[in-house]
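What follows is a single structure, written as structure tokens, with notes after it.
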2 protein chains.
Amino acid sequence: MKIGVLYGPVQEDLALVEATFESLKQVDYAPLAGMLELVLAGGGKLLRPALTLLSGRFGEYDLDLLVPLATSVELLHTASLVHDDVIDSAATRRGRPTANSAFDNTATVMLGDYMFAHAADQVARTGNIRVIRLFSQTLMMMTKGEIGQDLTAYDSRQTVRDYLQRIGGKTASLFATACEGGGIVAQESEEWVEALRSYGYNFGMAFQIVDDILDFTGDEAEMGKPVGSDLMQGTLTLPSLLLMERYPRDNPVQKFFARPRKELLAQAVEMVRESDIPQESYEMARSFCARAHEALSVLPDDPARQALYNLTDYVLERRS
Amino acid sequence: MKIGVLYGPVQEDLALVEATFESLKQVDYAPLAGMLELVLAGGGKLLRPALTLLSGRFGEYDLDLLVPLATSVELLHTASLVHDDVIDSAATRRGRPTANSAFDNTATVMLGDYMFAHAADQVARTGNIRVIRLFSQTLMMMTKGEIGQDLTAYDSRQTVRDYLQRIGGKTASLFATACEGGGIVAQESEEWVEALRSYGYNFGMAFQIVDDILDFTGDEAEMGKPVGSDLMQGTLTLPSLLLMERYPRDNPVQKFFARPRKELLAQAVEMVRESDIPQESYEMARSFCARAHEALSVLPDDPARQALYNLTDYVLERRS
């Protein structure tokens, strides 16, 4: 099933977000236009913008405000991916060449900054200071999470708790804001806005955990990146942390960190795959989804709520 | 003479901008706090914030709005310097270790992003959507200028006109916004706001041209960076462009770009120093200062205007 169907009542309106992206690519400076063409290539899932629009369905569903907001959310996400590429020198992302493999570091950093500027401009179009400040706070949380990930790379003293805090900043904060922002600009009650924020946060936690499981159990062709790429970059995620917990004295993860060799990485991936660690990790993702569901209970039972509900199932079932 | 004296009626109020910077350093995540301590070390000239405050003196001088605005301008400037350091791997800036020589690329990119987020948050505190959008547009222009500089590095087909366009985006746009933003939040007339913008733009052009002259003629100890560092990074500026214009068939700049050798760089620096190119470049800076002066003519003749006037002299006379 295509994910678009799951977006229910807002599926059609996402075309407006795509159209805004198209318009952002039209710049008078050819080299920049070429770079934007590459990173805003389209065909993405637009999951975060869909959450924003769905969240706006419970109040004044004004597309003049919600489309710029949804565009801003996706730009913030895409810009942070571009900057991620500077960082870890990943050769491919989603099967496409990354910005950094196509341009040099300078241009990649600046391209990300340019996209952040557009994100700021789009959110400003809502004319809503509260939402604008929410966005800047979110970018702070995202970068704090990324700095945490960078500074703890190859450090095996981390705990599952550290991990959850890190992905809360790096990933869940933007999902929370995508939903909260939608509720705010649609002038919904504080109770509903809070419920949407909670939904988004828990949804984002589950989303990242599944991402991290797939990095061990996924299919390289479907994911468009090699299995084990997190460990390769020194990033401990839930599966590798659980593996270390089970074999505290002797495990391939610590050995790999001490002396990076391909065989050790392959061994770590295989040990996770053959254990019940993926199941246990999915259990944790499922519990976040359950909290996301729970948060929805205060909202009226309509197609938008149903779509939000169904999307949590998608997160658990997705393969890439 | 200390530059602070030149800030006239706003000199004391700049302490509030410094205090805001101090408060931004207080974060609960120690590694980030350490990084901020390094890049927000204080002791800077605060030239851009001074321009914002001075520009606000011609209307409602409300420090609750002008201080966040001035802080945002300086943060935008500092964040872009941090990202510059990622780019050119400069080992020192202003004689201090750069962010990038103290941390790795990942952390430096994220630190810059974190500062951009704070810049966005500070400007949002003005509650003024027009100013918020002005800031995001400015960041776009700055990054476009930086991308242009990066993509034309080591390309000797550039002209003085390309150069002026590039520094207009990279540098002058933020000076223009520092002034325009001050006028807007102080609710000044459109005529005055436009005058302040023009002052800031022309001031910024002169400022960057002098910067680029000093890169050839300056004293390494005073500047805290090696002479000829622009050429070293493949960046053509006014003096090197004029040198190429004068010796189109045979000049050390083109030779250096074709085959980077220390002797060629030293030769280019010496040829510029011994020619009248510095004078001719200063002539151009002076003409931008004259336009800045002219722009001030519509503003009331008071200490703030006098300070703005005097600052253009400082730009021409500064040695670092």
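By convention here, the chains of the structure tokens are called A, B, ... in the order presented, each chain's residues are numbered starting at 1, and ligands are numbered starting at 1 in the order presented.
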
Please provide the set of residues having any atom within 12 Å of Gly4 (chain B), restricted to only C-alpha atoms, with same-chain residues fewer than 3 positions apart removed, written as an mmCIF file with N, CA and C atoms, in the first residue's frame.
```
data_model
loop_
_atom_site.group_PDB
_atom_site.id
_atom_site.type_symbol
_atom_site.label_atom_id
_atom_site.label_comp_id
_atom_site.auth_asym_id
_atom_site.auth_seq_id
_atom_site.Cartn_x
_atom_site.Cartn_y
_atom_site.Cartn_z
ATOM 1 N N MET B 1 42.145 54.904 19.742
ATOM 2 C CA MET B 1 40.815 55.095 20.343
ATOM 3 C C MET B 1 40.025 53.778 20.333
ATOM 4 N N TYR B 7 30.453 54.573 19.492
ATOM 5 C CA TYR B 7 29.044 54.160 19.508
ATOM 6 C C TYR B 7 28.152 55.207 20.170
ATOM 7 N N GLY B 8 28.781 56.215 20.746
ATOM 8 C CA GLY B 8 28.036 57.360 21.268
ATOM 9 C C GLY B 8 26.877 56.980 22.166
ATOM 10 N N PRO B 9 25.670 57.389 21.783
ATOM 11 C CA PRO B 9 24.519 57.260 22.685
ATOM 12 C C PRO B 9 24.106 55.819 22.998
ATOM 13 N N VAL B 10 24.639 54.833 22.305
ATOM 14 C CA VAL B 10 24.203 53.459 22.594
ATOM 15 C C VAL B 10 25.302 52.628 23.244
ATOM 16 N N GLN B 11 26.440 53.255 23.489
ATOM 17 C CA GLN B 11 27.580 52.508 24.014
ATOM 18 C C GLN B 11 27.233 51.705 25.273
ATOM 19 N N GLU B 12 26.551 52.357 26.198
ATOM 20 C CA GLU B 12 26.218 51.696 27.471
ATOM 21 C C GLU B 12 25.240 50.541 27.258
ATOM 22 N N ASP B 13 24.300 50.749 26.347
ATOM 23 C CA ASP B 13 23.241 49.741 26.153
ATOM 24 C C ASP B 13 23.755 48.445 25.536
ATOM 25 N N LEU B 14 24.928 48.517 24.926
ATOM 26 C CA LEU B 14 25.481 47.295 24.337
ATOM 27 C C LEU B 14 25.795 46.255 25.407
ATOM 28 N N ALA B 15 25.940 46.707 26.662
ATOM 29 C CA ALA B 15 26.155 45.754 27.759
ATOM 30 C C ALA B 15 24.980 44.786 27.852
ATOM 31 N N GLY B 43 34.264 40.225 24.038
ATOM 32 C CA GLY B 43 35.409 41.050 23.666
ATOM 33 C C GLY B 43 35.376 41.460 22.208
ATOM 34 N N GLY B 44 34.314 41.053 21.494
ATOM 35 C CA GLY B 44 34.180 41.451 20.092
ATOM 36 C C GLY B 44 33.779 42.923 20.007
ATOM 37 N N LYS B 45 33.829 43.455 18.822
ATOM 38 C CA LYS B 45 33.547 44.879 18.647
ATOM 39 C C LYS B 45 32.058 45.200 18.725
ATOM 40 N N LEU B 46 31.213 44.199 18.485
ATOM 41 C CA LEU B 46 29.757 44.393 18.495
ATOM 42 C C LEU B 46 29.338 45.521 17.556
ATOM 43 N N LEU B 47 29.999 45.576 16.436
ATOM 44 C CA LEU B 47 29.725 46.636 15.468
ATOM 45 C C LEU B 47 28.293 46.545 14.925
ATOM 46 N N PRO B 49 25.548 44.969 16.230
ATOM 47 C CA PRO B 49 24.541 45.354 17.232
ATOM 48 C C PRO B 49 24.520 46.861 17.490
ATOM 49 N N ALA B 50 25.691 47.484 17.466
ATOM 50 C CA ALA B 50 25.728 48.946 17.682
ATOM 51 C C ALA B 50 24.943 49.655 16.588
ATOM 52 N N LEU B 51 25.090 49.183 15.349
ATOM 53 C CA LEU B 51 24.345 49.800 14.243
ATOM 54 C C LEU B 51 22.837 49.635 14.436
ATOM 55 N N ALA B 307 27.063 59.561 15.277
ATOM 56 C CA ALA B 307 27.802 58.313 15.533
ATOM 57 C C ALA B 307 27.883 57.471 14.260
ATOM 58 N N ASN B 310 30.430 59.008 12.031
ATOM 59 C CA ASN B 310 31.816 58.771 12.468
ATOM 60 C C ASN B 310 32.270 57.333 12.219
ATOM 61 N N LEU B 311 31.330 56.423 12.307
ATOM 62 C CA LEU B 311 31.716 55.013 12.161
ATOM 63 C C LEU B 311 32.261 54.710 10.768
ATOM 64 N N TYR B 314 35.836 55.293 10.897
ATOM 65 C CA TYR B 314 36.515 54.177 11.562
ATOM 66 C C TYR B 314 36.771 53.037 10.577
#
```

Please identify all polymer residues within 9 Å of region 26-32 of chain A, counting only C-alpha atoms, omitting same-chain residues fewer than 6 positions from it, and present them as a ChimeraX atom specification.
-> /A:111 /B:144,147-148,151

Could those residues be written to a file, using C-alpha atoms, as a PDB file, in the first residue's frame?
```pdb
ATOM      1  CA  LEU A 111      23.042  24.741   1.055  1.00  0.00           C
TER       2      LEU A 111
ATOM      3  CA  LYS B 144      24.062  32.625  -1.711  1.00  0.00           C
ATOM      4  CA  ILE B 147      28.096  29.585  -2.198  1.00  0.00           C
ATOM      5  CA  GLY B 148      29.182  31.979  -4.947  1.00  0.00           C
ATOM      6  CA  LEU B 151      32.000  27.854  -6.441  1.00  0.00           C
TER       7      LEU B 151
END
```

Step one, run DSSP on the backbone; step two, keep only residues of region 56-195 of chain A assigned to strand (DSSP E); then write them as a PyMOL selection string.
-> chain A and resi 92-93+96-97

Dump of N, CA and C atoms for the selected residues, as a compact mmCIF listing (two decimals), in the first residue's frame:
```txt
# COMPACT_ATOMS: atom_id res chain seq x y z
N THR A 92 25.76 7.55 0.32
CA THR A 92 24.43 7.63 -0.28
C THR A 92 23.39 7.72 0.82
N ARG A 93 22.27 8.32 0.48
CA ARG A 93 21.14 8.36 1.40
C ARG A 93 19.89 8.11 0.57
N ARG A 96 20.02 7.71 -3.27
CA ARG A 96 20.46 8.79 -4.15
C ARG A 96 21.82 9.29 -3.68
N PRO A 97 22.57 9.94 -4.57
CA PRO A 97 23.80 10.54 -4.07
C PRO A 97 23.44 11.59 -3.03
```

Taking only C-alpha atoms into account, which residues of chain B are within 10 Å of chain A, as a PyMOL selection string?
-> chain B and resi 29+31-32+80+83-89+103-151

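In this model, the gap between CA of Ala292 (chain B) and CA of Gly182 (chain B) comes to 16.3 Å.
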
Identify, on the basis of only C-alpha atoms, every residue whose closest approach to Thr52 (chain A) does not exceed 7 Å; exclude the query and any residue fewer than 5 positions from it along the same chain; express the result as a list in words.
-> Ala70, Ala178, Cys179, Gly181 and Gly182 of chain A

Tell me which protein, DNA and RNA residues are within 9 Å of Leu296 (chain A), counting only C-alpha atoms, leaving out same-chain ones fewer than 3 positions away, and put them as JSON, numbers by chain.
-> {"A": [192, 195, 196, 198, 199, 291, 292, 293, 299, 300, 301, 305, 308, 309]}

Could you please write out, as a PyMOL selection string, every residue of region 179-317 of chain B that DSSP assigns to alpha helix (DSSP H)?
-> chain B and resi 179-185+190-217+220-223+229-232+238-246+252-258+262-274+277-296+303-317

Write out as a compact mmCIF listing (two decimals) with C-alpha atoms, in the first residue's frame which residues come within 10 Å of Met244 (chain B) when counting only C-alpha atoms, dropping same-chain ones fewer than 3 positions away.
```txt
# COMPACT_ATOMS: atom_id res chain seq x y z
CA SER B 156 40.33 33.55 -12.52
CA ARG B 157 37.55 34.53 -14.92
CA THR B 159 35.32 40.37 -12.58
CA LEU B 236 39.68 36.57 -5.42
CA LEU B 238 39.33 43.51 -5.09
CA PRO B 239 43.14 43.82 -4.79
CA SER B 240 43.87 40.52 -6.52
CA LEU B 241 41.28 41.25 -9.22
CA TYR B 247 48.85 42.14 -15.74
CA PRO B 248 46.36 40.04 -17.72
CA ARG B 249 49.01 37.90 -19.42
CA ASP B 250 51.46 37.27 -16.65
CA ASN B 251 50.64 37.55 -12.97
CA PRO B 252 51.42 35.53 -9.84
CA VAL B 253 47.74 35.11 -8.94
CA GLN B 254 46.88 33.05 -11.99
CA ALA B 268 51.29 38.41 -5.32
```

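Counting from CA of Leu69 (chain A), the distance to CA of Val5 (chain A) is 21.6 Å.
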
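One distance worth recording is that between CA of Met284 (chain B) and CA of Leu231 (chain B), which is 20.2 Å.
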
Would you mind listing what lies within 9 Å of Val227 (chain A) as a VMD selection string, with only C-alpha atoms counted and same-chain residues fewer than 5 positions away left out?
-> chain A and resid 214 to 220 266 269

Contact residues around Leu316 (chain B) with only C-alpha atoms at 8 Å, ignoring same-chain residues under 6 positions, as a count of residues only | 6

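For the residues B:Arg48, B:Arg57, B:Arg273, B:Lys225, ranking by smallest atom-to-atom distance to Glu74 (chain B) using only C-alpha atoms places B:Arg48 first.
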
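Among B:Ala295, B:Leu174, B:Val315, B:Ala304, the residue with the shortest atom-to-atom distance to Ile213 (chain B), counting only C-alpha atoms, is B:Val315.
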